[in-house]
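Novice: My structure file upload-v5.txt, compact mmCIF, C-alpha atoms and all ligand atoms, is below:
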```txt
# COMPACT_ATOMS: atom_id res chain seq x y z
CA PRO G 502 -5.09 -9.07 -111.92
CA THR G 503 -6.52 -10.37 -115.16
CA GLN G 504 -6.84 -14.01 -114.14
CA PRO G 505 -9.63 -15.25 -111.85
CA ALA G 506 -9.04 -14.19 -108.27
CA LYS G 507 -8.66 -17.66 -106.86
CA GLU G 508 -5.80 -18.50 -109.26
CA TYR G 509 -4.23 -15.14 -108.55
CA LEU G 510 -4.18 -15.81 -104.81
CA MET G 511 -2.81 -19.30 -105.37
CA GLN G 512 0.31 -17.97 -107.11
CA PRO G 513 3.45 -19.15 -105.37
CA LEU G 514 4.39 -16.80 -102.56
CA PRO G 515 5.99 -14.46 -101.95
CA LEU G 516 4.02 -12.09 -104.10
CA PRO G 517 6.05 -8.92 -104.51
CA LEU G 518 5.75 -6.97 -101.26
CA SER G 519 5.40 -3.78 -103.20
CA PRO G 520 5.90 -2.57 -106.79
CA LYS G 521 8.51 -0.23 -105.36
CA PRO G 522 10.31 -1.99 -102.52
CA TYR G 523 9.04 -0.70 -99.19
CA LYS G 524 11.73 1.32 -97.43
CA PRO G 525 11.59 0.66 -93.69
CA SER G 526 13.11 3.12 -91.23
CA ASP G 527 13.10 1.44 -87.79
CA LYS G 528 9.74 3.00 -86.92
CA LEU G 529 8.85 0.10 -84.61
CA LEU G 530 12.30 -0.78 -83.29
CA GLY G 531 12.03 -2.64 -79.98
CA LYS G 532 8.22 -2.86 -80.10
CA VAL G 533 6.31 -6.10 -79.56
CA ALA G 534 3.17 -6.62 -81.64
CA LEU G 535 0.31 -9.12 -81.41
CA VAL G 536 -1.65 -9.43 -84.67
CA THR G 537 -4.84 -11.51 -84.88
CA GLY G 538 -5.27 -13.35 -88.19
CA GLY G 539 -1.63 -13.08 -89.25
CA ASP G 540 -1.71 -16.28 -91.30
CA SER G 541 -3.26 -14.61 -94.29
CA GLY G 542 -4.16 -11.50 -96.27
CA ILE G 543 -3.93 -8.09 -94.62
CA GLY G 544 -2.82 -9.58 -91.28
CA ARG G 545 0.14 -11.31 -92.91
CA SER G 546 1.19 -8.12 -94.67
CA VAL G 547 0.90 -6.19 -91.38
CA CYS G 548 3.15 -8.78 -89.69
CA LEU G 549 5.73 -8.44 -92.48
CA HIS G 550 5.69 -4.64 -92.46
CA PHE G 551 5.97 -4.51 -88.66
CA ALA G 552 8.91 -6.94 -88.81
CA MET G 553 10.56 -4.82 -91.53
CA GLU G 554 10.19 -1.84 -89.18
CA GLY G 555 12.09 -3.71 -86.45
CA ALA G 556 9.23 -5.05 -84.31
CA THR G 557 8.91 -8.48 -82.75
CA VAL G 558 5.70 -10.02 -84.09
CA GLY G 559 3.47 -12.84 -82.86
CA PHE G 560 0.17 -13.65 -84.50
CA THR G 561 -2.89 -15.87 -84.26
CA TYR G 562 -4.15 -18.29 -86.89
CA VAL G 563 -6.99 -20.72 -87.34
CA LYS G 564 -6.10 -24.38 -87.58
CA GLY G 565 -7.17 -26.19 -90.72
CA MET G 566 -8.63 -23.15 -92.48
CA GLU G 567 -8.51 -23.37 -96.26
CA ASP G 568 -6.39 -20.75 -98.08
CA VAL G 569 -4.37 -19.61 -95.06
CA ASP G 570 -0.90 -20.69 -94.04
CA LYS G 571 0.82 -19.62 -90.82
CA ASP G 572 4.10 -21.30 -91.81
CA GLU G 573 4.34 -19.03 -94.83
CA THR G 574 4.00 -15.93 -92.61
CA ILE G 575 6.73 -17.29 -90.29
CA ARG G 576 8.98 -18.11 -93.23
CA LEU G 577 8.55 -14.65 -94.76
CA ILE G 578 9.20 -12.86 -91.45
CA LYS G 579 12.35 -14.90 -90.95
CA GLN G 580 13.57 -13.87 -94.42
CA ILE G 581 13.51 -10.21 -93.40
CA LYS G 582 16.77 -8.68 -92.21
CA ARG G 583 15.76 -7.77 -88.66
CA PRO G 584 17.61 -5.99 -85.85
CA SER G 585 18.98 -8.11 -82.99
CA SER G 586 16.21 -6.79 -80.69
CA SER G 587 13.56 -8.39 -82.94
CA ARG G 588 12.76 -11.88 -81.67
CA ASP G 589 11.56 -14.75 -83.82
CA PRO G 590 7.82 -14.81 -84.60
CA ILE G 591 5.36 -17.16 -82.92
CA ALA G 592 2.00 -18.34 -84.26
CA ILE G 593 -0.77 -19.17 -81.80
CA ALA G 594 -3.72 -21.29 -82.99
CA ALA G 595 -7.05 -19.96 -81.72
CA ASP G 596 -10.70 -19.56 -82.49
CA LEU G 597 -11.09 -16.04 -81.14
CA GLY G 598 -14.87 -16.28 -81.08
CA ASN G 599 -14.79 -17.33 -77.44
CA GLU G 600 -13.53 -15.68 -74.29
CA SER G 601 -11.27 -18.42 -72.95
CA GLU G 602 -9.41 -18.63 -76.27
CA CYS G 603 -8.77 -14.87 -76.22
CA GLN G 604 -7.40 -15.14 -72.68
CA ARG G 605 -5.21 -18.11 -73.66
CA VAL G 606 -3.75 -16.25 -76.65
CA VAL G 607 -2.74 -13.31 -74.47
CA ASP G 608 -1.31 -15.64 -71.80
CA GLU G 609 0.78 -17.56 -74.35
CA PHE G 610 1.95 -14.36 -75.98
CA ILE G 611 2.99 -12.84 -72.64
CA LYS G 612 4.76 -16.04 -71.64
CA GLU G 613 6.86 -15.74 -74.79
CA TYR G 614 7.50 -11.99 -75.04
CA GLY G 615 6.49 -10.48 -71.66
CA THR G 616 4.63 -7.46 -73.03
CA ILE G 617 2.28 -6.13 -75.73
CA ASP G 618 3.10 -2.74 -77.23
CA ILE G 619 0.81 -3.02 -80.24
CA LEU G 620 -2.39 -5.05 -80.47
CA VAL G 621 -3.82 -5.41 -83.97
CA ASN G 622 -7.37 -6.77 -83.91
CA ASN G 623 -7.70 -7.96 -87.47
CA ALA G 624 -9.24 -11.46 -87.73
CA ALA G 625 -12.72 -11.62 -89.23
CA ILE G 626 -15.17 -13.72 -91.19
CA GLN G 627 -17.83 -12.74 -93.68
CA TYR G 628 -20.94 -14.32 -95.17
CA TYR G 629 -22.58 -13.47 -98.48
CA THR G 630 -26.31 -12.89 -97.94
CA ASP G 631 -28.22 -14.26 -100.93
CA SER G 632 -31.55 -14.01 -99.18
CA ILE G 633 -32.58 -12.22 -96.00
CA ASP G 634 -33.68 -15.65 -94.78
CA ASP G 635 -30.00 -16.67 -94.73
CA ILE G 636 -29.64 -14.53 -91.60
CA THR G 637 -30.04 -17.07 -88.82
CA GLU G 638 -29.38 -16.63 -85.14
CA SER G 639 -26.42 -19.01 -85.23
CA ARG G 640 -24.86 -17.19 -88.19
CA LEU G 641 -25.31 -13.84 -86.46
CA GLU G 642 -23.83 -15.20 -83.28
CA ASN G 643 -20.85 -16.62 -85.14
CA ILE G 644 -20.01 -13.46 -87.04
CA PHE G 645 -20.52 -11.09 -84.10
CA ARG G 646 -18.40 -13.35 -81.89
CA THR G 647 -15.46 -13.40 -84.30
CA ASN G 648 -15.68 -9.88 -85.68
CA ILE G 649 -16.55 -7.84 -82.59
CA PHE G 650 -16.70 -9.85 -79.34
CA ALA G 651 -13.10 -10.95 -79.98
CA TYR G 652 -11.98 -7.33 -80.48
CA PHE G 653 -13.40 -6.35 -77.08
CA LEU G 654 -12.00 -9.41 -75.33
CA MET G 655 -8.55 -9.24 -76.91
CA ALA G 656 -8.38 -5.56 -75.89
CA ARG G 657 -9.55 -6.34 -72.36
CA PHE G 658 -7.00 -9.11 -71.75
CA SER G 659 -4.15 -7.34 -73.56
CA LEU G 660 -4.63 -4.13 -71.60
CA ASN G 661 -3.45 -5.91 -68.44
CA HIS G 662 -0.01 -6.00 -70.10
CA MET G 663 0.06 -2.72 -72.04
CA LYS G 664 2.12 0.22 -70.78
CA ARG G 665 1.76 3.93 -71.51
CA GLY G 666 2.68 4.53 -75.14
CA SER G 667 1.12 1.26 -76.33
CA CYS G 668 -1.62 1.20 -78.91
CA ILE G 669 -4.51 -0.80 -80.33
CA ILE G 670 -5.34 -0.86 -84.05
CA ASN G 671 -8.64 -2.37 -85.22
CA THR G 672 -9.47 -3.49 -88.75
CA THR G 673 -12.86 -2.21 -89.83
CA SER G 674 -13.95 -1.79 -93.46
CA VAL G 675 -15.37 0.57 -96.05
CA ALA G 676 -18.53 -1.54 -95.54
CA ALA G 677 -18.95 0.11 -92.11
CA TYR G 678 -19.57 3.45 -93.85
CA ARG G 679 -21.16 2.57 -97.17
CA GLY G 680 -23.01 -0.59 -96.14
CA ASN G 681 -22.97 -3.57 -98.47
CA SER G 682 -26.14 -5.21 -99.78
CA GLU G 683 -24.37 -8.57 -100.09
CA LEU G 684 -22.61 -8.52 -96.72
CA LEU G 685 -25.32 -7.44 -94.29
CA GLU G 686 -24.11 -8.94 -91.02
CA TYR G 687 -20.45 -8.28 -91.85
CA SER G 688 -21.12 -4.57 -92.49
CA ALA G 689 -22.88 -4.28 -89.13
CA THR G 690 -19.94 -5.85 -87.27
CA LYS G 691 -17.58 -3.46 -89.03
CA GLY G 692 -19.74 -0.49 -88.02
CA ALA G 693 -19.54 -1.69 -84.44
CA ILE G 694 -15.75 -1.68 -84.67
CA VAL G 695 -15.78 2.04 -85.53
CA SER G 696 -17.81 2.84 -82.38
CA PHE G 697 -15.68 0.44 -80.35
CA THR G 698 -12.55 2.30 -81.53
CA ARG G 699 -13.96 5.72 -80.66
CA SER G 700 -15.25 4.67 -77.22
CA PHE G 701 -12.11 2.78 -76.23
CA SER G 702 -9.86 5.61 -77.41
CA ALA G 703 -11.68 8.07 -75.12
CA ARG G 704 -11.57 5.62 -72.25
CA LEU G 705 -7.84 4.91 -72.58
CA VAL G 706 -6.52 8.43 -73.12
CA GLU G 707 -5.58 8.81 -69.45
CA GLN G 708 -3.62 5.56 -69.57
CA GLY G 709 -1.64 6.93 -72.53
CA ILE G 710 -2.89 4.22 -74.89
CA ARG G 711 -4.00 5.19 -78.38
CA VAL G 712 -6.79 3.31 -80.17
CA ASN G 713 -7.29 3.72 -83.92
CA ALA G 714 -8.68 1.77 -86.85
CA VAL G 715 -8.06 1.09 -90.52
CA ALA G 716 -11.01 0.79 -92.92
CA PRO G 717 -9.74 -0.75 -96.15
CA GLY G 718 -11.70 -0.77 -99.38
CA PRO G 719 -11.65 -4.00 -101.43
CA VAL G 720 -8.38 -5.92 -101.13
CA TRP G 721 -7.23 -9.12 -102.87
CA THR G 722 -7.28 -11.61 -99.98
CA PRO G 723 -8.79 -15.04 -99.25
CA ILE G 724 -11.73 -13.55 -97.28
CA GLN G 725 -12.85 -11.87 -100.48
CA VAL G 726 -12.35 -14.80 -102.75
CA ALA G 727 -13.21 -17.95 -100.79
CA LYS G 728 -16.96 -17.43 -100.75
CA MET G 729 -17.26 -14.88 -103.51
CA PRO G 730 -19.76 -15.59 -106.28
CA PRO G 731 -17.54 -16.64 -109.28
CA GLU G 732 -18.84 -13.88 -111.54
CA ARG G 733 -17.48 -11.30 -109.06
CA SER G 734 -14.00 -12.71 -108.97
CA THR G 735 -12.57 -10.55 -111.76
CA THR G 736 -14.56 -7.43 -110.97
CA LEU G 737 -13.55 -6.86 -107.36
CA GLY G 738 -12.90 -3.16 -106.85
CA CYS G 739 -14.51 -1.99 -110.10
CA GLU G 740 -16.95 0.15 -108.11
CA VAL G 741 -14.32 2.35 -106.43
CA PRO G 742 -12.94 5.44 -108.18
CA MET G 743 -9.53 3.81 -108.72
CA LYS G 744 -11.40 0.94 -110.44
CA ARG G 745 -9.38 -1.80 -108.78
CA ALA G 746 -8.95 -3.67 -105.52
CA ALA G 747 -5.83 -3.05 -103.44
CA GLU G 748 -2.94 -5.38 -102.80
CA THR G 749 -2.31 -6.08 -99.13
CA TYR G 750 0.98 -4.15 -99.23
CA GLU G 751 -0.98 -1.01 -100.05
CA ILE G 752 -2.95 -1.40 -96.81
CA ALA G 753 -0.30 -2.48 -94.29
CA PRO G 754 1.60 0.87 -94.20
CA SER G 755 -1.50 2.48 -92.63
CA TYR G 756 -0.97 0.15 -89.66
CA VAL G 757 2.71 1.10 -89.49
CA PHE G 758 1.67 4.75 -89.43
CA LEU G 759 -0.85 4.21 -86.61
CA ALA G 760 1.56 2.02 -84.62
CA SER G 761 4.42 4.49 -84.82
CA ASP G 762 4.68 7.29 -82.25
CA ASP G 763 6.86 9.19 -84.73
CA CYS G 764 3.96 9.42 -87.17
CA SER G 765 0.74 9.32 -85.19
CA SER G 766 1.29 10.40 -81.56
CA TYR G 767 -1.68 12.83 -81.88
CA PHE G 768 -4.00 10.25 -83.42
CA THR G 769 -6.53 8.45 -81.29
CA GLY G 770 -10.11 7.43 -82.01
CA GLN G 771 -9.36 7.88 -85.72
CA VAL G 772 -9.99 5.74 -88.77
CA LEU G 773 -7.66 5.70 -91.78
CA HIS G 774 -9.33 4.91 -95.09
CA PRO G 775 -7.04 3.26 -97.68
CA ASN G 776 -9.88 2.63 -100.15
CA GLY G 777 -9.01 3.86 -103.64
CA GLY G 778 -11.31 6.85 -103.25
CA ALA G 779 -14.41 4.95 -102.15
P1 LIG G 801 -8.27 -13.20 -94.77
O1 LIG G 801 -9.29 -14.22 -95.02
O2 LIG G 801 -6.99 -13.30 -95.50
O3 LIG G 801 -7.98 -13.10 -93.22
C1 LIG G 801 -8.94 -13.34 -92.24
C2 LIG G 801 -8.20 -13.78 -91.01
O4 LIG G 801 -9.14 -13.99 -89.96
C3 LIG G 801 -7.43 -15.06 -91.21
O5 LIG G 801 -6.11 -14.80 -90.86
C4 LIG G 801 -8.06 -16.04 -90.25
O6 LIG G 801 -7.11 -16.83 -89.60
C5 LIG G 801 -8.74 -15.13 -89.25
N1 LIG G 801 -9.93 -15.74 -88.64
C6 LIG G 801 -11.09 -16.07 -89.24
N2 LIG G 801 -11.94 -16.64 -88.35
C7 LIG G 801 -11.31 -16.65 -87.16
C8 LIG G 801 -11.66 -17.09 -85.86
N3 LIG G 801 -12.85 -17.64 -85.58
N4 LIG G 801 -10.75 -16.95 -84.88
C9 LIG G 801 -9.56 -16.41 -85.13
N5 LIG G 801 -9.17 -15.94 -86.33
C10 LIG G 801 -10.04 -16.07 -87.34
O7 LIG G 801 -8.94 -11.81 -95.09
P2 LIG G 801 -8.42 -10.32 -94.99
O8 LIG G 801 -9.06 -9.61 -96.10
O9 LIG G 801 -6.95 -10.24 -94.87
O10 LIG G 801 -9.12 -9.87 -93.65
C11 LIG G 801 -8.40 -9.20 -92.63
C12 LIG G 801 -9.26 -8.08 -92.11
O11 LIG G 801 -9.45 -7.10 -93.12
C13 LIG G 801 -10.67 -8.51 -91.67
O12 LIG G 801 -11.01 -7.83 -90.50
C14 LIG G 801 -11.53 -8.04 -92.83
O13 LIG G 801 -12.85 -7.81 -92.42
C15 LIG G 801 -10.82 -6.76 -93.18
N6 LIG G 801 -11.14 -6.19 -94.49
C16 LIG G 801 -10.87 -6.89 -95.62
C17 LIG G 801 -11.19 -6.32 -96.82
C18 LIG G 801 -10.91 -7.05 -98.12
O14 LIG G 801 -11.40 -6.61 -99.16
N7 LIG G 801 -10.13 -8.11 -98.12
C19 LIG G 801 -11.75 -5.04 -96.90
C20 LIG G 801 -12.00 -4.36 -95.72
C21 LIG G 801 -11.69 -4.94 -94.51
```
Can you dump the structure from the file as structure tokens?

Specialist:
Amino acid sequence: PTQPAKEYLMQPLPLPLSPKPYKPSDKLLGKVALVTGGDSGIGRSVCLHFAMEGATVGFTYVKGMEDVDKDETIRLIKQIKRPSSSRDPIAIAADLGNESECQRVVDEFIKEYGTIDILVNNAAIQYYTDSIDDITESRLENIFRTNIFAYFLMARFSLNHMKRGSCIINTTSVAAYRGNSELLEYSATKGAIVSFTRSFSARLVEQGIRVNAVAPGPVWTPIQVAKMPPERSTTLGCEVPMKRAAETYEIAPSYVFLASDDCSSYFTGQVLHPNGGA
């Protein structure tokens, strides 16, 4: 986009889902998916793509958060022509940074849909680190709680309801691999998600549950823009070989691929890297 990022994100929705309309092919017909952070950004696009592929989708959101809107995700999912097996979406408000909230989300989801075939751990926060002194214990605790504790706990509680053939997909980041001098704590949490994915995948092989991750490069979403220094807002993505940030619809198909047995039955413990060559 040529306009400042904030204005770009504030354009009336729906933004085009894709420059070429995405062609779904029932890859997730009959599946039930729980997506954390589906009120916004990549999570919203994952919800929409899963729904286009025939899945039933429920998602979590944070109450009162600026720039995110769970009603918009619900409205967009309902606009999609879905098969009769696909039930209406639900949105569950939760701060996933604590254990009891994670348990409650899974309980409410199971009460509504009875099972979890696909868990997408996607919600996260990030802080820009101007000075090393910004790194306080409470900030560390907050970011590790949301970005990694929640992934463990959501997996733990969801697994009680996941059958053979189910899968978990975690959102990590290019920052896990390259580091990021402005996002120190965030990069560390994203690195932890890679190890979490590998360890859980090995652990769950015998239960027939696949665990994979997606590590996007820069993507135009509120997490990037809300706290971004203004001078960065038109240069996001300039550092990657493709010289641009992605749109969310360029990231979501990686989740469809990893969720679909047709495409990825031999994938576990893997990370896909939609990152413009980074
Ligand atoms: P976003 O701001 O649009 O979404 C973040 C989501 O996290 C929101 O839906 C929000 O509801 C949720 N969330 C935040 N705090 C929470 C809490 N305490 N409890 C529960 N939910 C909470 O940003 P996004 O870019 O779509 O981020 C989605 C994922 O993609 C994150 O894991 C992020 O780290 C990752 N990612 C983003 C980029 C990027 O450039 N945008 C790049 C790589 C990875």

Novice: List every residue of chain G that has an atom at most 8 Å from any atom of ligand LIG 801 (chain G), giving for each one its closest atom pair and the distance in Å to one decimal, counting all atoms listed in the file, sorted by chain and then by ascending residue number, as CSV.

Specialist:
```
residue,atom,partner,partner_atom,distance
G:Thr537,CA,G:LIG801,N5,6.4
G:Gly538,CA,G:LIG801,O5,3.2
G:Gly539,CA,G:LIG801,O5,5.1
G:Asp540,CA,G:LIG801,O5,4.7
G:Ser541,CA,G:LIG801,O2,4.1
G:Gly542,CA,G:LIG801,O9,3.4
G:Ile543,CA,G:LIG801,O9,3.7
G:Gly544,CA,G:LIG801,O9,5.5
G:Arg545,CA,G:LIG801,O9,7.4
G:Thr561,CA,G:LIG801,N5,6.6
G:Tyr562,CA,G:LIG801,O6,4.3
G:Val563,CA,G:LIG801,O6,4.5
G:Lys564,CA,G:LIG801,O6,7.9
G:Met566,CA,G:LIG801,O6,7.1
G:Asp568,CA,G:LIG801,O1,7.8
G:Val569,CA,G:LIG801,O5,6.6
G:Ala594,CA,G:LIG801,C9,7.9
G:Ala595,CA,G:LIG801,C9,5.5
G:Asp596,CA,G:LIG801,N4,3.5
G:Leu597,CA,G:LIG801,N4,3.9
G:Gly598,CA,G:LIG801,N3,5.1
G:Asn622,CA,G:LIG801,O12,7.6
G:Asn623,CA,G:LIG801,O12,4.5
G:Ala624,CA,G:LIG801,O4,3.4
G:Ala625,CA,G:LIG801,O12,4.3
G:Ile626,CA,G:LIG801,C6,5.1
G:Gln627,CA,G:LIG801,O13,7.1
G:Arg646,CA,G:LIG801,N3,7.9
G:Thr647,CA,G:LIG801,N3,5.1
G:Asn648,CA,G:LIG801,O12,7.0
G:Asn671,CA,G:LIG801,O12,8.0
G:Thr672,CA,G:LIG801,O12,4.9
G:Thr673,CA,G:LIG801,C21,5.5
G:Ser674,CA,G:LIG801,C20,3.9
G:Val675,CA,G:LIG801,C20,6.0
G:Ala676,CA,G:LIG801,C20,7.1
G:Tyr687,CA,G:LIG801,O13,7.6
G:Lys691,CA,G:LIG801,O13,7.3
G:Ala716,CA,G:LIG801,C20,5.9
G:Pro717,CA,G:LIG801,C20,4.3
G:Gly718,CA,G:LIG801,C19,4.9
G:Pro719,CA,G:LIG801,O14,3.5
G:Val720,CA,G:LIG801,O14,3.7
G:Trp721,CA,G:LIG801,N7,5.7
G:Thr722,CA,G:LIG801,O8,4.7
G:Pro723,CA,G:LIG801,O1,4.3
G:Ile724,CA,G:LIG801,O1,3.4
G:Gln725,CA,G:LIG801,N7,5.2
G:Ala727,CA,G:LIG801,O1,7.9
G:Ala746,CA,G:LIG801,O14,7.4
G:Ala747,CA,G:LIG801,O14,7.9
G:Thr749,CA,G:LIG801,O9,7.5
```

Novice: So which residues touch G:His662 within 9 Å, counting only C-alpha atoms, skipping near sequence neighbours fewer than 3 positions away, as a list in words?

Specialist: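 The residues that qualify are Val607, Ile611, Gly615, Thr616, Ile617, Asp618, Phe658 and Ser659 of chain G.
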
Novice: Calculated over all atoms listed in the file, which of the candidates G:Phe701, G:Ala760, G:Pro742, G:Cys603 has the smallest distance to G:Ile670?

Specialist: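 Ranking G:Phe701, G:Ala760, G:Pro742, G:Cys603 by distance to G:Ile670, first place goes to G:Ala760.
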
Novice: Of the residues G:Asp635, G:Asp572, G:Glu554, G:Glu740, which is the one nearest to G:Ala534, using only C-alpha atoms?

Specialist: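 Residue with the minimum atom-to-atom distance to G:Ala534: G:Glu554.
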
Novice: Within 10 Å of G:Val706, counting all atoms listed in the file, which residues qualify if same-chain residues fewer than 6 places away don't, as a PyMOL selection string?

Specialist: chain G and resi 665+712+769-770

Novice: If I take atom CA of G:Phe610 and atom CA of G:Ile593, how far is one from the other in Å, to one decimal?

Specialist: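 Interatomic distance, atom CA of G:Phe610 to atom CA of G:Ile593: 8.0 Å.
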
Novice: Rounded to one decimal place, report the atom CA of G:Pro522-atom CA of G:Pro754 distance in Å.

Specialist: 12.4 Å

Novice: Just to confirm, what's the straight-line distance from atom CA of G:Asn713 to atom CA of G:Gln771 in Å (one decimal)?

Specialist: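 Separating atom CA of G:Asn713 from atom CA of G:Gln771 is a distance of 5.0 Å.
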
Novice: Calculate, to one decimal in Å, the centre and edge lengths of the box along x, y and z of the file that holds all listed atoms of stretch 758-774 of chain G with 4 Å of margin on each side, and present them as AutoDock Vina command-line options.

Specialist:
```
--center_x -1.6 --center_y 7.4 --center_z -88.2 --size_x 25.0 --size_y 18.8 --size_z 21.8
```

Novice: Can you tell me, as a list in words, what residues are no more than 9 Å from G:Gly666 when counting all atoms listed in the file, ignoring any on the same chain fewer than 3 positions away?

Specialist: Asp618, Met663, Gln708, Gly709, Ile710, Arg711, Asp762 and Ser766 of chain G

Novice: With C-alpha atoms retained, export the selected residues as a short mmCIF file (atom, residue, chain, number, x, y, z; two decimals), in the frame of the given file.

Specialist:
```
data_model
loop_
_atom_site.label_atom_id
_atom_site.label_comp_id
_atom_site.auth_asym_id
_atom_site.auth_seq_id
_atom_site.Cartn_x
_atom_site.Cartn_y
_atom_site.Cartn_z
CA ASP G 618 3.10 -2.74 -77.23
CA MET G 663 0.06 -2.72 -72.04
CA GLN G 708 -3.62 5.56 -69.57
CA GLY G 709 -1.64 6.93 -72.53
CA ILE G 710 -2.89 4.22 -74.89
CA ARG G 711 -4.00 5.19 -78.38
CA ASP G 762 4.68 7.29 -82.25
CA SER G 766 1.29 10.40 -81.56
#
```

Novice: In terms of the shortest atom-to-atom distance over all atoms listed in the file, which of G:Asn643, G:Thr574, G:Thr736, G:Ser765 is closest to G:Thr690?

Specialist: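 Result for the nearest residue to G:Thr690: G:Asn643.
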
Novice: Which residues come within 9 Å of G:Glu683, counting all atoms listed in the file, excluding same-chain residues fewer than 5 positions away, as a ChimeraX atom specification?

Specialist: /G:628-631

Novice: Counting all atoms listed in the file, find residues at most 8 Å from (-7.0, 4.6, -92.4) (file frame) and give them as a ChimeraX atom specification.

Specialist: /G:714-717,755-756,771-775

Novice: For G:Ile636, which of G:Leu685, G:Ser667, G:Asn599, G:Met655 is the closest residue, counting all atoms listed in the file?

Specialist: G:Leu685
